[in-house]
Each structure stands twice: as C-alpha cells, then as structure tokens.
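> Sharing a structure here in structure tokens format.
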Amino acid sequence: MSGVRVVISGTHASGKSTLISDFASAHSEYAVLGDPFDELLDESDEPGPASFAAQFRVSVSRLRRASEARLIAERGPLDFVAYLLAWRELGRGGVSSETIVSAVRLAADVMKTVDLLILLPSAGIEVPDDEDPELRGAMQDHLFELCDDPDLVGSARVEELVGDPAGRLGRLEALMELAAG
C-alpha cells in the first residue's frame, strides 16, 4: 500500500481509538497521531471552548508538521470546529463568530494535506450522562454537515464507516487501497 494520509473523525466514544489501534497493529509502516487531547499537558480535562481550541491548534500543527506520506491521525481540525459549533448551539457560551470563522478558514487550509477523511457515527454506542450525550449528538451533527462542504474537505475522499470493529477495519483498508491507487 503506497502512502495515504488519513484522518479518523467522530464524536467522543465513537470508536476512533479502537479503529486506529487495530489498523496500527496490522500496518506498522504508518505513522500514528493519537488524540490531540493526549498532547495537552496543562489543560483541564473539562470540555469547553478553551480545551477545544487547544486541541484544534494541536491538530492543525501536527498535520502541517508531519511529513509522512503514510499517516493516520485520530481527529482532525474539523472535529474541533464541530465541537465549538455544538457548544455555541447548546448555549454554553464562550465561542464567538470570529473564532468559528477563523477556525473554519484554517481547517480548510490544513485539510488540503489529507487524502482520506473517515467519519465514525456514534449510532448504537451508548454513553453515560457524564460523557455529555447532548454535546456528543450536537457535535456529530455539525461534523457531518462540515464534511459535506467541499470547500472544507478539499480533495479528501470522505467516507462514513459503520458496523463492528472488524468490519470498519476491513472497509478502512479497502478505502486506503483505493486512495493509494
């Protein structure tokens, strides 16, 4: 398989880490960029605009910095634009229109470096109330809307993966073969 740059996107608890771990176990030739949250040392683990903006910056920076042609990343900048939009939609405050416009512009620029954008819907995956199901649902709605905009995803192929972990992995590998073409 020649090089493909992949971003795995979805709301929290949608199976991103599982899919990436399963893929990495079978494809050591790919560089893996884990969840941007894991790179934030001094940040609170409480969700909110500051945390989403910090994770957005990490996501943008590492996709710009990464020179690998074979790359799989957990979350991309559109994930965090979606979280910011969801936060604002839910009336939780602290997200200005200027922040959204700036983030959308920067995300569109960085997405030019991505070949394949995988969306993992949360359907069928229940989460406890402390995982904020309301935010999770609103984020997913915004993420899927953003990924329908060709100005934001650029030339990246966008695919939604459903099913069990083995089925998702098989479909991801098939899509990567097509993208490597």
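Just remember, in the structure tokens the first chain shown is A, the second B, etc., residues are 1-based per chain, and ligands are 1-based in the order shown.
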Report as a PyMOL selection string all protein, DNA and RNA residues lying within 12 Å of Ser102 of chain A, evaluated on only C-alpha atoms, omitting residues in the same chain fewer than 2 positions from it.

chain A and resi 53+56-57+77+81+84+95-100+104-109

> Among chain A, which residues does DSSP mark as strand (DSSP E or B) when it is run on the backbone? Keep the chain and numbering as in the structure and answer as a list in words.

Arg5, Val6, Val7, Ile8, Ser9, Ala31, Val32, Leu33, Leu71, Ile72, Ala73, Glu74, Leu116, Leu117, Ile118, Leu119, Arg157, Val158, Glu159 and Glu160 of chain A

> How about saving the chosen residues, N, CA and C atoms kept, as a compact mmCIF listing (two decimals), in the first residue's frame?


# COMPACT_ATOMS: atom_id res chain seq x y z
N ARG A 5 -2.66 9.73 3.54
CA ARG A 5 -2.81 10.50 4.79
C ARG A 5 -4.29 10.48 5.17
N VAL A 6 -4.57 9.88 6.33
CA VAL A 6 -5.94 9.60 6.77
C VAL A 6 -6.22 10.32 8.09
N VAL A 7 -7.40 10.88 8.20
CA VAL A 7 -7.89 11.41 9.47
C VAL A 7 -9.15 10.62 9.83
N ILE A 8 -9.18 10.12 11.07
CA ILE A 8 -10.35 9.42 11.59
C ILE A 8 -11.10 10.40 12.49
N SER A 9 -12.32 10.74 12.13
CA SER A 9 -13.09 11.75 12.84
C SER A 9 -14.37 11.17 13.40
N ALA A 31 2.64 6.08 10.30
CA ALA A 31 2.80 6.91 11.49
C ALA A 31 1.41 7.14 12.08
N VAL A 32 1.31 7.06 13.39
CA VAL A 32 0.03 7.24 14.08
C VAL A 32 0.10 8.51 14.92
N LEU A 33 -0.87 9.38 14.70
CA LEU A 33 -1.03 10.57 15.54
C LEU A 33 -2.24 10.33 16.42
N LEU A 71 0.21 8.14 6.97
CA LEU A 71 -0.15 8.76 8.23
C LEU A 71 -1.61 8.47 8.53
N ILE A 72 -1.90 8.15 9.79
CA ILE A 72 -3.27 8.02 10.25
C ILE A 72 -3.40 8.83 11.54
N ALA A 73 -4.34 9.74 11.56
CA ALA A 73 -4.50 10.66 12.69
C ALA A 73 -5.87 10.50 13.33
N GLU A 74 -5.85 10.46 14.66
CA GLU A 74 -7.11 10.48 15.40
C GLU A 74 -7.55 11.93 15.55
N LEU A 116 -7.81 11.09 2.85
CA LEU A 116 -8.99 10.30 3.20
C LEU A 116 -9.49 10.74 4.57
N LEU A 117 -10.75 11.11 4.65
CA LEU A 117 -11.38 11.52 5.91
C LEU A 117 -12.45 10.50 6.24
N ILE A 118 -12.25 9.79 7.34
CA ILE A 118 -13.17 8.75 7.78
C ILE A 118 -14.04 9.29 8.90
N LEU A 119 -15.36 9.17 8.74
CA LEU A 119 -16.31 9.59 9.76
C LEU A 119 -16.88 8.36 10.45
N ARG A 157 -11.17 12.34 0.13
CA ARG A 157 -12.34 11.47 -0.01
C ARG A 157 -12.95 11.32 1.37
N VAL A 158 -14.25 11.51 1.50
CA VAL A 158 -14.95 11.42 2.78
C VAL A 158 -15.82 10.18 2.76
N GLU A 159 -15.62 9.34 3.78
CA GLU A 159 -16.40 8.09 3.88
C GLU A 159 -16.86 7.88 5.31
N GLU A 160 -18.07 7.41 5.45
CA GLU A 160 -18.63 7.06 6.75
C GLU A 160 -18.49 5.55 6.93

> Would you please work out which residue, of A:Gly93, A:Ala66, A:Asp129, A:Gly137, is nearest to Val110 of chain A when using only C-alpha atoms?

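Smallest separation from Val110 of chain A among the options: A:Ala66.
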
> Pick out the closest residue to Val114 of chain A from this set: A:Glu68, A:Asp22, A:Asp141, A:Asp130. Count only C-alpha atoms.

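Under the stated criterion, the closest residue is A:Glu68.
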
> List the neighbours of segment 144-146 of chain A out to 9 Å using only C-alpha atoms; skip same-chain residues closer than 5 positions along the sequence, and give me the result as a list in words.

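Here the qualifying residues turn out to be Gly10, Leu78, Val81, Ala82, Leu119, Pro121, Met139, Leu152 and Val153 of chain A.
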
> Export N, CA and C atoms of the chosen residues as a PDB file, in the first residue's frame?


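Now in result25.pdb:
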ATOM      1  N   GLY A  10     -14.811  11.779  14.477  1.00  0.00           N
ATOM      2  CA  GLY A  10     -16.073  11.401  15.098  1.00  0.00           C
ATOM      3  C   GLY A  10     -16.152  12.000  16.483  1.00  0.00           C
ATOM      4  N   LEU A  78     -11.504  19.604  11.741  1.00  0.00           N
ATOM      5  CA  LEU A  78     -12.961  19.727  11.628  1.00  0.00           C
ATOM      6  C   LEU A  78     -13.682  19.188  12.859  1.00  0.00           C
ATOM      7  N   VAL A  81     -13.794  22.182  15.209  1.00  0.00           N
ATOM      8  CA  VAL A  81     -14.739  23.194  14.725  1.00  0.00           C
ATOM      9  C   VAL A  81     -16.150  22.735  15.074  1.00  0.00           C
ATOM     10  N   ALA A  82     -16.408  21.436  14.871  1.00  0.00           N
ATOM     11  CA  ALA A  82     -17.737  20.890  15.191  1.00  0.00           C
ATOM     12  C   ALA A  82     -18.040  21.001  16.685  1.00  0.00           C
ATOM     13  N   LEU A 119     -15.359   9.166   8.735  1.00  0.00           N
ATOM     14  CA  LEU A 119     -16.311   9.587   9.755  1.00  0.00           C
ATOM     15  C   LEU A 119     -16.879   8.356  10.450  1.00  0.00           C
ATOM     16  N   PRO A 121     -19.788   7.368  12.888  1.00  0.00           N
ATOM     17  CA  PRO A 121     -21.001   7.801  13.596  1.00  0.00           C
ATOM     18  C   PRO A 121     -21.100   7.102  14.950  1.00  0.00           C
ATOM     19  N   MET A 139     -22.341  17.725  18.374  1.00  0.00           N
ATOM     20  CA  MET A 139     -21.050  17.729  17.683  1.00  0.00           C
ATOM     21  C   MET A 139     -21.124  16.871  16.432  1.00  0.00           C
ATOM     22  N   LEU A 152     -14.441  22.809   2.539  1.00  0.00           N
ATOM     23  CA  LEU A 152     -13.748  22.483   3.793  1.00  0.00           C
ATOM     24  C   LEU A 152     -12.911  21.217   3.694  1.00  0.00           C
ATOM     25  N   VAL A 153     -13.382  20.236   2.981  1.00  0.00           N
ATOM     26  CA  VAL A 153     -12.653  18.959   2.923  1.00  0.00           C
ATOM     27  C   VAL A 153     -11.687  18.891   1.747  1.00  0.00           C
TER      28      VAL A 153
END

> Could you list, as a PDB file with C-alpha atoms, in the first residue's frame, every residue within 10 Å of Gly124 of chain A, counting only C-alpha atoms and ignoring same-chain residues fewer than 2 positions away?


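Result file follows (selection_8.pdb):
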ATOM      1  CA  SER A  14     -17.400   6.594  18.562  1.00  0.00           C
ATOM      2  CA  PRO A 121     -21.001   7.801  13.596  1.00  0.00           C
ATOM      3  CA  SER A 122     -21.903   7.194  17.223  1.00  0.00           C
ATOM      4  CA  GLU A 126     -24.422   4.452  24.342  1.00  0.00           C
ATOM      5  CA  VAL A 127     -22.533   6.683  26.761  1.00  0.00           C
ATOM      6  CA  VAL A 162     -20.406   1.739  10.270  1.00  0.00           C
ATOM      7  CA  GLY A 163     -20.521  -1.731  11.739  1.00  0.00           C
TER       8      GLY A 163
END

> Pick out the closest residue to Met176 of chain A from this set: A:Gln140, A:Arg70, A:Arg65, A:Gln55. Count only C-alpha atoms.

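For Met176 of chain A, the nearest of the candidates is A:Arg70.
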
> Would you mind writing down, as an MDAnalysis selection string, each residue of segment 57-162 of chain A that DSSP on the backbone assigns to alpha helix (DSSP H)?

chainID A and resid 57:65 77:89 97:110 133:146 150:153

> Take atom CA of Gly3 of chain A and atom CA of Arg75 of chain A and report the distance between them in Å, one decimal.

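Computing the Euclidean distance for atom CA of Gly3 of chain A and atom CA of Arg75 of chain A yields 18.7 Å.
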
> Hey, can you check how far atom CA of Leu169 of chain A sits from atom CA of Leu19 of chain A?

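Distance reported for this atom pair: 6.2 Å.
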
> Please measure the separation of atom CA of Val60 of chain A and atom CA of Asp151 of chain A, giving the value in Å to one decimal.

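Value for the atom CA of Val60 of chain A-atom CA of Asp151 of chain A distance: 16.8 Å.
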
> For a quick check of understanding, using only C-alpha atoms, which of A:Ala156, A:Asp115, A:Asp132, A:Val4 has the smallest distance to Glu29 of chain A?

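When distances to Glu29 of chain A are compared using only C-alpha atoms, the smallest one comes from A:Val4.
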